[in-house]
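One file, input25.pdb, is given below (PDB, C-alpha atoms).
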MODEL        1
ATOM      1  CA  MET A   1      -0.759 -14.867  39.604  1.00  0.00           C
ATOM      2  CA  SER A   2      -3.521 -14.059  37.140  1.00  0.00           C
ATOM      3  CA  ASN A   3      -6.158 -16.665  36.356  1.00  0.00           C
ATOM      4  CA  ILE A   4      -6.197 -17.649  32.655  1.00  0.00           C
ATOM      5  CA  ALA A   5      -9.985 -18.078  32.898  1.00  0.00           C
ATOM      6  CA  SER A   6     -10.332 -14.316  33.346  1.00  0.00           C
ATOM      7  CA  LEU A   7      -8.377 -13.557  30.158  1.00  0.00           C
ATOM      8  CA  PRO A   8     -11.430 -13.287  27.824  1.00  0.00           C
ATOM      9  CA  ILE A   9     -13.033 -10.781  30.202  1.00  0.00           C
ATOM     10  CA  LEU A  10      -9.830  -8.753  30.471  1.00  0.00           C
ATOM     11  CA  LEU A  11      -9.386  -8.682  26.697  1.00  0.00           C
ATOM     12  CA  LYS A  12     -12.981  -7.550  26.281  1.00  0.00           C
ATOM     13  CA  GLU A  13     -12.448  -4.809  28.863  1.00  0.00           C
ATOM     14  CA  LEU A  14      -9.335  -3.644  27.005  1.00  0.00           C
ATOM     15  CA  LYS A  15     -11.224  -3.804  23.678  1.00  0.00           C
ATOM     16  CA  LEU A  16      -8.646  -6.188  22.196  1.00  0.00           C
ATOM     17  CA  THR A  17     -11.260  -7.943  20.082  1.00  0.00           C
ATOM     18  CA  ASN A  18      -8.934  -9.641  17.613  1.00  0.00           C
ATOM     19  CA  ILE A  19      -6.711 -11.017  20.369  1.00  0.00           C
ATOM     20  CA  ALA A  20      -9.821 -12.203  22.207  1.00  0.00           C
ATOM     21  CA  ARG A  21     -10.837 -14.241  19.170  1.00  0.00           C
ATOM     22  CA  HIS A  22      -7.467 -15.738  18.343  1.00  0.00           C
ATOM     23  CA  TRP A  23      -5.333 -15.982  21.472  1.00  0.00           C
ATOM     24  CA  GLU A  24      -6.131 -19.657  22.017  1.00  0.00           C
ATOM     25  CA  SER A  25      -5.406 -20.786  18.447  1.00  0.00           C
ATOM     26  CA  VAL A  26      -2.223 -18.718  18.343  1.00  0.00           C
ATOM     27  CA  ALA A  27      -1.232 -20.127  21.731  1.00  0.00           C
ATOM     28  CA  GLN A  28      -1.546 -23.673  20.369  1.00  0.00           C
ATOM     29  CA  LYS A  29       0.544 -22.704  17.342  1.00  0.00           C
ATOM     30  CA  ALA A  30       3.163 -21.201  19.647  1.00  0.00           C
ATOM     31  CA  ILE A  31       3.315 -24.435  21.647  1.00  0.00           C
ATOM     32  CA  ASP A  32       3.546 -26.596  18.532  1.00  0.00           C
ATOM     33  CA  GLU A  33       6.303 -24.467  17.021  1.00  0.00           C
ATOM     34  CA  GLN A  34       8.045 -23.763  20.351  1.00  0.00           C
ATOM     35  CA  TRP A  35       7.844 -19.992  20.131  1.00  0.00           C
ATOM     36  CA  LEU A  36       9.374 -17.738  22.731  1.00  0.00           C
ATOM     37  CA  PRO A  37       6.812 -15.820  24.836  1.00  0.00           C
ATOM     38  CA  GLN A  38       7.905 -12.637  23.052  1.00  0.00           C
ATOM     39  CA  GLN A  39       7.084 -14.186  19.664  1.00  0.00           C
ATOM     40  CA  TYR A  40       3.625 -15.172  20.845  1.00  0.00           C
ATOM     41  CA  LEU A  41       2.929 -11.664  22.139  1.00  0.00           C
ATOM     42  CA  ALA A  42       4.275 -10.062  18.966  1.00  0.00           C
ATOM     43  CA  GLU A  43       2.048 -12.274  16.775  1.00  0.00           C
ATOM     44  CA  LEU A  44      -1.075 -11.328  18.724  1.00  0.00           C
ATOM     45  CA  CYS A  45      -0.228  -7.628  18.686  1.00  0.00           C
ATOM     46  CA  GLU A  46       0.485  -7.715  14.948  1.00  0.00           C
ATOM     47  CA  GLN A  47      -2.883  -9.306  14.241  1.00  0.00           C
ATOM     48  CA  GLU A  48      -4.664  -6.794  16.467  1.00  0.00           C
ATOM     49  CA  ALA A  49      -2.923  -3.846  14.812  1.00  0.00           C
ATOM     50  CA  GLY A  50      -3.672  -5.230  11.337  1.00  0.00           C
ATOM     51  CA  GLU A  51      -7.371  -5.617  12.042  1.00  0.00           C
ATOM     52  CA  ARG A  52      -7.605  -2.141  13.538  1.00  0.00           C
ATOM     53  CA  TYR A  53      -5.904  -0.702  10.456  1.00  0.00           C
ATOM     54  CA  GLN A  54      -8.374  -2.442   8.133  1.00  0.00           C
ATOM     55  CA  LYS A  55     -11.360  -1.217  10.142  1.00  0.00           C
ATOM     56  CA  ARG A  56     -10.000   2.334  10.216  1.00  0.00           C
ATOM     57  CA  LEU A  57      -9.281   2.197   6.476  1.00  0.00           C
ATOM     58  CA  HIS A  58     -12.842   1.034   5.752  1.00  0.00           C
ATOM     59  CA  ARG A  59     -14.311   3.761   7.957  1.00  0.00           C
ATOM     60  CA  HIS A  60     -12.179   6.506   6.387  1.00  0.00           C
ATOM     61  CA  LEU A  61     -13.002   5.322   2.866  1.00  0.00           C
ATOM     62  CA  GLN A  62     -16.713   5.443   3.652  1.00  0.00           C
ATOM     63  CA  GLU A  63     -16.597   8.946   5.108  1.00  0.00           C
ATOM     64  CA  ALA A  64     -14.403  10.259   2.263  1.00  0.00           C
ATOM     65  CA  GLN A  65     -17.140   9.570  -0.328  1.00  0.00           C
ATOM     66  CA  LEU A  66     -14.594   9.391  -3.133  1.00  0.00           C
ATOM     67  CA  PRO A  67     -15.952   8.381  -6.552  1.00  0.00           C
ATOM     68  CA  PRO A  68     -15.216   4.699  -7.311  1.00  0.00           C
ATOM     69  CA  ALA A  69     -12.634   3.451  -9.819  1.00  0.00           C
ATOM     70  CA  LYS A  70     -10.427   6.537  -9.581  1.00  0.00           C
ATOM     71  CA  GLN A  71      -7.246   5.130  -8.031  1.00  0.00           C
ATOM     72  CA  LEU A  72      -3.919   6.212  -9.486  1.00  0.00           C
ATOM     73  CA  SER A  73      -3.285   2.655 -10.686  1.00  0.00           C
ATOM     74  CA  GLN A  74      -6.181   3.177 -13.109  1.00  0.00           C
ATOM     75  CA  PHE A  75      -4.924   6.507 -14.489  1.00  0.00           C
ATOM     76  CA  ASP A  76      -3.325   6.675 -17.940  1.00  0.00           C
ATOM     77  CA  PHE A  77      -0.392   9.022 -17.439  1.00  0.00           C
ATOM     78  CA  GLY A  78       0.674   8.463 -21.041  1.00  0.00           C
ATOM     79  CA  ALA A  79      -2.449  10.267 -22.280  1.00  0.00           C
ATOM     80  CA  THR A  80      -1.753  13.506 -20.420  1.00  0.00           C
ATOM     81  CA  ASN A  81       0.876  16.196 -20.506  1.00  0.00           C
ATOM     82  CA  GLY A  82       1.865  18.841 -18.010  1.00  0.00           C
ATOM     83  CA  VAL A  83       1.958  16.392 -15.096  1.00  0.00           C
ATOM     84  CA  HIS A  84       4.556  13.741 -14.340  1.00  0.00           C
ATOM     85  CA  LYS A  85       3.753  10.432 -12.695  1.00  0.00           C
ATOM     86  CA  ASN A  86       6.609  10.792 -10.203  1.00  0.00           C
ATOM     87  CA  GLN A  87       5.266  14.163  -9.063  1.00  0.00           C
ATOM     88  CA  ILE A  88       1.760  12.789  -8.530  1.00  0.00           C
ATOM     89  CA  MET A  89       3.050   9.680  -6.748  1.00  0.00           C
ATOM     90  CA  ALA A  90       5.117  11.870  -4.417  1.00  0.00           C
ATOM     91  CA  LEU A  91       1.959  13.784  -3.425  1.00  0.00           C
ATOM     92  CA  ALA A  92       0.165  10.472  -2.902  1.00  0.00           C
ATOM     93  CA  GLN A  93       2.877   8.717  -0.910  1.00  0.00           C
ATOM     94  CA  GLN A  94       4.381  11.523   1.153  1.00  0.00           C
ATOM     95  CA  ARG A  95       2.385  13.125   3.959  1.00  0.00           C
ATOM     96  CA  GLN A  96       4.684  16.083   4.494  1.00  0.00           C
ATOM     97  CA  TRP A  97       2.627  18.496   2.396  1.00  0.00           C
ATOM     98  CA  VAL A  98      -0.470  17.505   4.357  1.00  0.00           C
ATOM     99  CA  THR A  99       1.162  17.978   7.754  1.00  0.00           C
ATOM    100  CA  GLN A 100       2.368  21.383   6.556  1.00  0.00           C
ATOM    101  CA  ARG A 101      -1.212  22.323   5.513  1.00  0.00           C
ATOM    102  CA  GLU A 102      -0.291  22.867   1.880  1.00  0.00           C
ATOM    103  CA  ASN A 103      -2.672  22.733  -1.096  1.00  0.00           C
ATOM    104  CA  VAL A 104      -2.770  21.028  -4.486  1.00  0.00           C
ATOM    105  CA  LEU A 105      -4.412  22.905  -7.355  1.00  0.00           C
ATOM    106  CA  LEU A 106      -5.224  21.080 -10.598  1.00  0.00           C
ATOM    107  CA  PHE A 107      -6.125  23.098 -13.680  1.00  0.00           C
ATOM    108  CA  GLY A 108      -7.150  21.866 -17.112  1.00  0.00           C
ATOM    109  CA  ALA A 109      -9.936  21.503 -19.627  1.00  0.00           C
ATOM    110  CA  SER A 110     -12.924  19.287 -18.969  1.00  0.00           C
ATOM    111  CA  GLY A 111     -12.223  15.569 -19.247  1.00  0.00           C
ATOM    112  CA  VAL A 112      -8.415  15.574 -19.019  1.00  0.00           C
ATOM    113  CA  GLY A 113      -8.348  13.690 -15.704  1.00  0.00           C
ATOM    114  CA  LYS A 114      -8.175  16.361 -12.997  1.00  0.00           C
ATOM    115  CA  THR A 115     -10.811  14.691 -10.829  1.00  0.00           C
ATOM    116  CA  HIS A 116      -9.222  11.263 -11.315  1.00  0.00           C
ATOM    117  CA  LEU A 117      -5.833  12.579 -10.189  1.00  0.00           C
ATOM    118  CA  ALA A 118      -7.321  14.375  -7.181  1.00  0.00           C
ATOM    119  CA  CYS A 119      -9.263  11.278  -6.107  1.00  0.00           C
ATOM    120  CA  GLY A 120      -6.291   9.003  -6.750  1.00  0.00           C
ATOM    121  CA  ILE A 121      -4.182  11.113  -4.400  1.00  0.00           C
ATOM    122  CA  GLY A 122      -7.045  10.985  -1.896  1.00  0.00           C
ATOM    123  CA  TYR A 123      -7.300   7.186  -2.007  1.00  0.00           C
ATOM    124  CA  ALA A 124      -3.554   6.837  -1.480  1.00  0.00           C
ATOM    125  CA  LEU A 125      -3.515   9.262   1.447  1.00  0.00           C
ATOM    126  CA  ILE A 126      -6.320   7.388   3.217  1.00  0.00           C
ATOM    127  CA  GLU A 127      -4.129   4.276   3.192  1.00  0.00           C
ATOM    128  CA  LYS A 128      -1.591   6.376   5.102  1.00  0.00           C
ATOM    129  CA  ASN A 129      -4.127   7.264   7.785  1.00  0.00           C
ATOM    130  CA  VAL A 130      -4.941  10.697   6.367  1.00  0.00           C
ATOM    131  CA  ARG A 131      -8.590  11.678   6.669  1.00  0.00           C
ATOM    132  CA  VAL A 132      -9.971  12.888   3.341  1.00  0.00           C
ATOM    133  CA  LYS A 133     -13.315  14.325   2.242  1.00  0.00           C
ATOM    134  CA  PHE A 134     -14.451  14.605  -1.384  1.00  0.00           C
ATOM    135  CA  THR A 135     -17.123  17.061  -2.469  1.00  0.00           C
ATOM    136  CA  THR A 136     -18.131  18.930  -5.578  1.00  0.00           C
ATOM    137  CA  ALA A 137     -17.790  22.691  -5.384  1.00  0.00           C
ATOM    138  CA  THR A 138     -21.516  23.158  -5.935  1.00  0.00           C
ATOM    139  CA  GLY A 139     -22.301  20.575  -3.264  1.00  0.00           C
ATOM    140  CA  ILE A 140     -20.172  22.126  -0.543  1.00  0.00           C
ATOM    141  CA  VAL A 141     -21.343  25.630  -1.424  1.00  0.00           C
ATOM    142  CA  GLN A 142     -24.955  24.533  -1.018  1.00  0.00           C
ATOM    143  CA  ASP A 143     -24.158  22.911   2.338  1.00  0.00           C
ATOM    144  CA  LEU A 144     -22.336  26.016   3.568  1.00  0.00           C
ATOM    145  CA  GLN A 145     -25.144  28.287   2.376  1.00  0.00           C
ATOM    146  CA  ARG A 146     -27.629  26.279   4.431  1.00  0.00           C
ATOM    147  CA  ALA A 147     -25.308  26.486   7.423  1.00  0.00           C
ATOM    148  CA  LYS A 148     -25.010  30.250   7.027  1.00  0.00           C
ATOM    149  CA  ALA A 149     -28.787  30.610   6.772  1.00  0.00           C
ATOM    150  CA  ASN A 150     -29.080  28.616  10.008  1.00  0.00           C
ATOM    151  CA  LEU A 151     -26.413  30.795  11.672  1.00  0.00           C
ATOM    152  CA  CYS A 152     -24.025  27.863  12.175  1.00  0.00           C
ATOM    153  CA  LEU A 153     -21.461  28.387   9.405  1.00  0.00           C
ATOM    154  CA  ALA A 154     -18.526  28.740  11.803  1.00  0.00           C
ATOM    155  CA  GLU A 155     -19.561  25.549  13.587  1.00  0.00           C
ATOM    156  CA  VAL A 156     -19.786  23.593  10.315  1.00  0.00           C
ATOM    157  CA  LEU A 157     -16.394  24.851   9.137  1.00  0.00           C
ATOM    158  CA  THR A 158     -14.869  23.855  12.464  1.00  0.00           C
ATOM    159  CA  ARG A 159     -16.357  20.353  12.205  1.00  0.00           C
ATOM    160  CA  MET A 160     -14.669  19.990   8.831  1.00  0.00           C
ATOM    161  CA  ASP A 161     -11.301  20.459  10.530  1.00  0.00           C
ATOM    162  CA  LYS A 162     -11.337  16.730  11.301  1.00  0.00           C
ATOM    163  CA  TYR A 163     -10.457  16.155   7.646  1.00  0.00           C
ATOM    164  CA  ASP A 164      -6.784  16.606   6.879  1.00  0.00           C
ATOM    165  CA  VAL A 165      -7.566  17.054   3.174  1.00  0.00           C
ATOM    166  CA  ILE A 166     -10.747  18.328   1.527  1.00  0.00           C
ATOM    167  CA  ILE A 167     -11.084  17.756  -2.220  1.00  0.00           C
ATOM    168  CA  VAL A 168     -13.233  20.430  -3.882  1.00  0.00           C
ATOM    169  CA  ASP A 169     -14.016  19.363  -7.439  1.00  0.00           C
ATOM    170  CA  ASP A 170     -14.966  21.622 -10.360  1.00  0.00           C
ATOM    171  CA  ILE A 171     -14.680  24.998  -8.675  1.00  0.00           C
ATOM    172  CA  GLY A 172     -15.160  26.657 -12.069  1.00  0.00           C
ATOM    173  CA  TYR A 173     -18.851  25.733 -12.105  1.00  0.00           C
ATOM    174  CA  ILE A 174     -19.760  27.908  -9.137  1.00  0.00           C
ATOM    175  CA  LYS A 175     -22.334  30.544 -10.046  1.00  0.00           C
ATOM    176  CA  LYS A 176     -21.194  34.114  -9.650  1.00  0.00           C
ATOM    177  CA  THR A 177     -23.527  35.193  -6.860  1.00  0.00           C
ATOM    178  CA  SER A 178     -22.564  36.930  -3.655  1.00  0.00           C
ATOM    179  CA  GLN A 179     -24.177  34.215  -1.534  1.00  0.00           C
ATOM    180  CA  GLU A 180     -22.229  31.372  -3.172  1.00  0.00           C
ATOM    181  CA  THR A 181     -18.878  33.093  -3.503  1.00  0.00           C
ATOM    182  CA  GLN A 182     -18.986  34.404   0.057  1.00  0.00           C
ATOM    183  CA  VAL A 183     -19.273  30.951   1.628  1.00  0.00           C
ATOM    184  CA  LEU A 184     -16.671  29.558  -0.781  1.00  0.00           C
ATOM    185  CA  PHE A 185     -14.285  32.285   0.325  1.00  0.00           C
ATOM    186  CA  GLU A 186     -15.123  31.519   3.958  1.00  0.00           C
ATOM    187  CA  LEU A 187     -14.055  27.903   3.361  1.00  0.00           C
ATOM    188  CA  ILE A 188     -10.772  28.917   1.700  1.00  0.00           C
ATOM    189  CA  ALA A 189     -10.015  31.458   4.415  1.00  0.00           C
ATOM    190  CA  HIS A 190     -10.856  28.994   7.189  1.00  0.00           C
ATOM    191  CA  ARG A 191      -8.612  26.262   5.741  1.00  0.00           C
ATOM    192  CA  TYR A 192      -5.691  28.657   5.202  1.00  0.00           C
ATOM    193  CA  GLU A 193      -2.726  27.192   7.110  1.00  0.00           C
ATOM    194  CA  THR A 194      -5.076  24.973   9.139  1.00  0.00           C
ATOM    195  CA  GLY A 195      -5.877  22.191   6.647  1.00  0.00           C
ATOM    196  CA  SER A 196      -5.112  21.132   3.090  1.00  0.00           C
ATOM    197  CA  LEU A 197      -7.302  21.595   0.029  1.00  0.00           C
ATOM    198  CA  ILE A 198      -7.132  19.799  -3.306  1.00  0.00           C
ATOM    199  CA  ILE A 199      -9.004  21.912  -5.834  1.00  0.00           C
ATOM    200  CA  THR A 200      -9.768  21.149  -9.470  1.00  0.00           C
ATOM    201  CA  SER A 201     -10.790  23.864 -11.898  1.00  0.00           C
ATOM    202  CA  ASN A 202     -11.333  24.215 -15.616  1.00  0.00           C
ATOM    203  CA  GLN A 203     -10.820  27.963 -15.206  1.00  0.00           C
ATOM    204  CA  PRO A 204      -7.297  29.443 -14.841  1.00  0.00           C
ATOM    205  CA  PHE A 205      -6.655  32.025 -12.144  1.00  0.00           C
ATOM    206  CA  SER A 206      -6.985  34.774 -14.763  1.00  0.00           C
ATOM    207  CA  ALA A 207     -10.661  33.826 -15.157  1.00  0.00           C
ATOM    208  CA  TRP A 208     -11.525  33.519 -11.477  1.00  0.00           C
ATOM    209  CA  ASP A 209     -13.196  36.902 -11.561  1.00  0.00           C
ATOM    210  CA  GLN A 210     -15.976  34.906 -13.225  1.00  0.00           C
ATOM    211  CA  ILE A 211     -16.268  32.800 -10.058  1.00  0.00           C
ATOM    212  CA  PHE A 212     -16.081  35.467  -7.346  1.00  0.00           C
ATOM    213  CA  ASP A 213     -18.275  38.521  -7.672  1.00  0.00           C
ATOM    214  CA  ASP A 214     -15.749  40.829  -6.032  1.00  0.00           C
ATOM    215  CA  ASN A 215     -12.240  41.425  -7.372  1.00  0.00           C
ATOM    216  CA  MET A 216     -10.737  41.931  -3.920  1.00  0.00           C
ATOM    217  CA  MET A 217     -12.236  38.635  -2.790  1.00  0.00           C
ATOM    218  CA  THR A 218     -10.832  36.948  -5.905  1.00  0.00           C
ATOM    219  CA  VAL A 219      -7.332  38.223  -5.153  1.00  0.00           C
ATOM    220  CA  ALA A 220      -7.596  37.269  -1.476  1.00  0.00           C
ATOM    221  CA  ALA A 221      -8.822  33.742  -2.291  1.00  0.00           C
ATOM    222  CA  ILE A 222      -6.041  33.122  -4.822  1.00  0.00           C
ATOM    223  CA  ASP A 223      -3.428  34.554  -2.453  1.00  0.00           C
ATOM    224  CA  ARG A 224      -4.425  32.160   0.335  1.00  0.00           C
ATOM    225  CA  LEU A 225      -4.553  29.131  -1.962  1.00  0.00           C
ATOM    226  CA  VAL A 226      -1.205  29.628  -3.706  1.00  0.00           C
ATOM    227  CA  HIS A 227       0.813  30.688  -0.643  1.00  0.00           C
ATOM    228  CA  HIS A 228       1.583  27.035   0.133  1.00  0.00           C
ATOM    229  CA  ALA A 229       0.573  25.091  -2.969  1.00  0.00           C
ATOM    230  CA  THR A 230       1.576  22.701  -5.710  1.00  0.00           C
ATOM    231  CA  ILE A 231       0.002  23.933  -8.956  1.00  0.00           C
ATOM    232  CA  LEU A 232      -0.477  21.459 -11.799  1.00  0.00           C
ATOM    233  CA  ASP A 233      -1.687  22.160 -15.328  1.00  0.00           C
ATOM    234  CA  VAL A 234      -3.183  18.979 -16.759  1.00  0.00           C
ATOM    235  CA  GLY A 235      -3.202  18.854 -20.537  1.00  0.00           C
ATOM    236  CA  GLY A 236      -4.243  16.336 -23.145  1.00  0.00           C
ATOM    237  CA  GLU A 237      -7.311  15.167 -24.984  1.00  0.00           C
ATOM    238  CA  SER A 238     -10.536  14.541 -23.117  1.00  0.00           C
ATOM    239  CA  PHE A 239     -10.728  11.001 -21.734  1.00  0.00           C
ATOM    240  CA  ARG A 240     -14.463  10.975 -22.403  1.00  0.00           C
ATOM    241  CA  LYS A 241     -13.945  12.061 -26.004  1.00  0.00           C
ATOM    242  CA  ARG A 242     -11.329   9.362 -26.587  1.00  0.00           C
ATOM    243  CA  ALA A 243     -13.556   6.731 -24.976  1.00  0.00           C
ATOM    244  CA  SER A 244     -16.431   7.750 -27.247  1.00  0.00           C
ATOM    245  CA  ILE A 245     -14.213   7.535 -30.330  1.00  0.00           C
ATOM    246  CA  ASN A 246     -12.973   4.090 -29.280  1.00  0.00           C
ATOM    247  CA  ARG A 247     -16.525   2.841 -28.740  1.00  0.00           C
ATOM    248  CA  SER A 248     -17.580   4.136 -32.148  1.00  0.00           C
ATOM    249  CA  ALA A 249     -14.586   2.476 -33.774  1.00  0.00           C
ATOM    250  CA  LYS A 250     -15.378  -0.870 -32.102  1.00  0.00           C
ATOM    251  CA  GLN A 251     -19.033  -0.643 -33.146  1.00  0.00           C
ATOM    252  CA  GLY A 252     -17.956   0.074 -36.712  1.00  0.00           C
ATOM    253  CA  LYS A 253     -15.720  -2.971 -36.791  1.00  0.00           C
ATOM    254  CA  SER A 254     -18.442  -5.200 -35.373  1.00  0.00           C
ATOM    255  CA  LYS A 255     -20.846  -4.039 -38.100  1.00  0.00           C
ATOM    256  CA  GLU A 256     -18.264  -4.842 -40.777  1.00  0.00           C
ATOM    257  CA  ILE A 257     -17.936  -8.360 -39.417  1.00  0.00           C
TER     258      ILE A 257
ENDMDL
END

Would you encode the structure as structure tokens?
Amino acid sequence: MSNIASLPILLKELKLTNIARHWESVAQKAIDEQWLPQQYLAELCEQEAGERYQKRLHRHLQEAQLPPAKQLSQFDFGATNGVHKNQIMALAQQRQWVTQRENVLLFGASGVGKTHLACGIGYALIEKNVRVKFTTATGIVQDLQRAKANLCLAEVLTRMDKYDVIIVDDIGYIKKTSQETQVLFELIAHRYETGSLIITSNQPFSAWDQIFDDNMMTVAAIDRLVHHATILDVGGESFRKRASINRSAKQGKSKEI
């Protein structure tokens, strides 16, 4: 028969840190409330699983580097057109499109909420144990250019495979140079059917020849992205413009008072 005195050491060895901290207090509660042994074990396991989930969630949120205050609960769906809340919530709550390595492409003018929607989906997916990485298009292009210059582009792209979803924001602001567009194409080609991309762009596909410096590369990039993709056109007035108008209106009222 095992010695109860060795239990803390065994729990430490098994890395059951939450159980190690609480097994005695939960044991007393089990005695007081006359739990069955199975209930006691289930309570400890539930606490351990809950703490591990919270730690994993915190770690994944940190590595995702998503902009703050861009959850879907904070998005005003009534101020946009072209997208439906149910459609966005389905992308946020269902992992099937991620497991199938599909993409989400968000198009629209500046300020209509494309980035907010992309990040909101990202936040929701992290809660479902999906690893997400947010980056601006210019930021990731610069990183990949450095990797290519150091002859380790393939290695860097492979390391990014740990992320189930990569959010590439504002792809329309990439400069049309062969160095930038080449590494951007390398990313799209590498992720094709191996990992999901969420891409936002203020440029429609018809204008992507302004992003890539080669028409064949443009066609190949679009073909890979849309093969398995949900394409959303976000319309409406700029959130930033409306916020500015509201601030001006409030300032005007305060001056009248």

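Compared by their closest atoms to A:Ala118, and using all atoms listed in the file, the residues A:Ser201, A:Glu63, A:Gly195, A:Leu153 rank with A:Ser201 nearest.
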
Contact table stretch 185-224 of chain A vs stretch 99-109 of chain A, cut-off 10 Å, shortest pair per residue, all atoms listed in the file, as JSON lines:
{"residue": "A:Arg191", "atom": "CA", "partner": "A:Arg101", "partner_atom": "CA", "distance": 8.4}
{"residue": "A:Tyr192", "atom": "CA", "partner": "A:Arg101", "partner_atom": "CA", "distance": 7.8}
{"residue": "A:Glu193", "atom": "CA", "partner": "A:Arg101", "partner_atom": "CA", "distance": 5.3}
{"residue": "A:Thr194", "atom": "CA", "partner": "A:Arg101", "partner_atom": "CA", "distance": 5.9}
{"residue": "A:Gly195", "atom": "CA", "partner": "A:Arg101", "partner_atom": "CA", "distance": 4.8}
{"residue": "A:Ser196", "atom": "CA", "partner": "A:Arg101", "partner_atom": "CA", "distance": 4.7}
{"residue": "A:Leu197", "atom": "CA", "partner": "A:Asn103", "partner_atom": "CA", "distance": 4.9}
{"residue": "A:Ile198", "atom": "CA", "partner": "A:Val104", "partner_atom": "CA", "distance": 4.7}
{"residue": "A:Ile199", "atom": "CA", "partner": "A:Leu105", "partner_atom": "CA", "distance": 4.9}
{"residue": "A:Thr200", "atom": "CA", "partner": "A:Leu106", "partner_atom": "CA", "distance": 4.7}
{"residue": "A:Ser201", "atom": "CA", "partner": "A:Phe107", "partner_atom": "CA", "distance": 5.1}
{"residue": "A:Asn202", "atom": "CA", "partner": "A:Gly108", "partner_atom": "CA", "distance": 5.0}
{"residue": "A:Gln203", "atom": "CA", "partner": "A:Phe107", "partner_atom": "CA", "distance": 6.9}
{"residue": "A:Pro204", "atom": "CA", "partner": "A:Phe107", "partner_atom": "CA", "distance": 6.6}
{"residue": "A:Phe205", "atom": "CA", "partner": "A:Phe107", "partner_atom": "CA", "distance": 9.1}
{"residue": "A:Arg224", "atom": "CA", "partner": "A:Asn103", "partner_atom": "CA", "distance": 9.7}

Discussion item. Can you translate the PyMOL selection byres ((chain A and resi 188) around 12) into the concrete residues it hits in this file, as a ChimeraX atom specification?
Written reply: /A:103,137,140-141,157,166-168,171,181-187,189-199,217-218,220-227

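When all atoms listed in the file are used to compute distances to A:Leu66, the closest of the residues A:Gly78, A:Pro37, A:Gly120, A:Gly111 turns out to be A:Gly120.
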
Discussion item. Selection in question (the file shown): the PyMOL selection byres ((chain A and resi 6-20) around 8). Which residues does it include, as JSON, numbers by chain?
Written reply: {"A": [2, 3, 4, 5, 21, 22, 23, 44, 45, 47, 48, 51]}

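Interatomic distance, atom CA of A:Lys128 to atom CA of A:Tyr40: 27.2 Å.
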
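One finds atom CA of A:Val234 at 6.2 Å from atom CA of A:Asn81.
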
Practice prompt. Taking the file as shown, find all residues satisfying the PyMOL selection byres ((chain A and resi 72) around 10) and write them as an MDAnalysis selection string.
Written response: chainID A and resid 69:71 73:77 85 88:89 92 116:124

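Proximity of A:Asn129, A:Gln210, A:Asn150, A:Gln145 to A:Arg56, computed with all atoms listed in the file, is greatest for A:Asn129.
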
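Here atom CA of A:Ile174 is placed at a distance of 9.8 Å from atom CA of A:Thr136.
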
Worksheet item: Which residue, A:Thr135, A:Trp208, A:Met216, A:Lys175, has the smallest gap to A:Gln65 when you use only C-alpha atoms?
Response: A:Thr135

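Nearest to A:Leu144 of all the residues A:Ser206, A:Val219, A:Met160, A:Glu237 is A:Met160, counting only C-alpha atoms.
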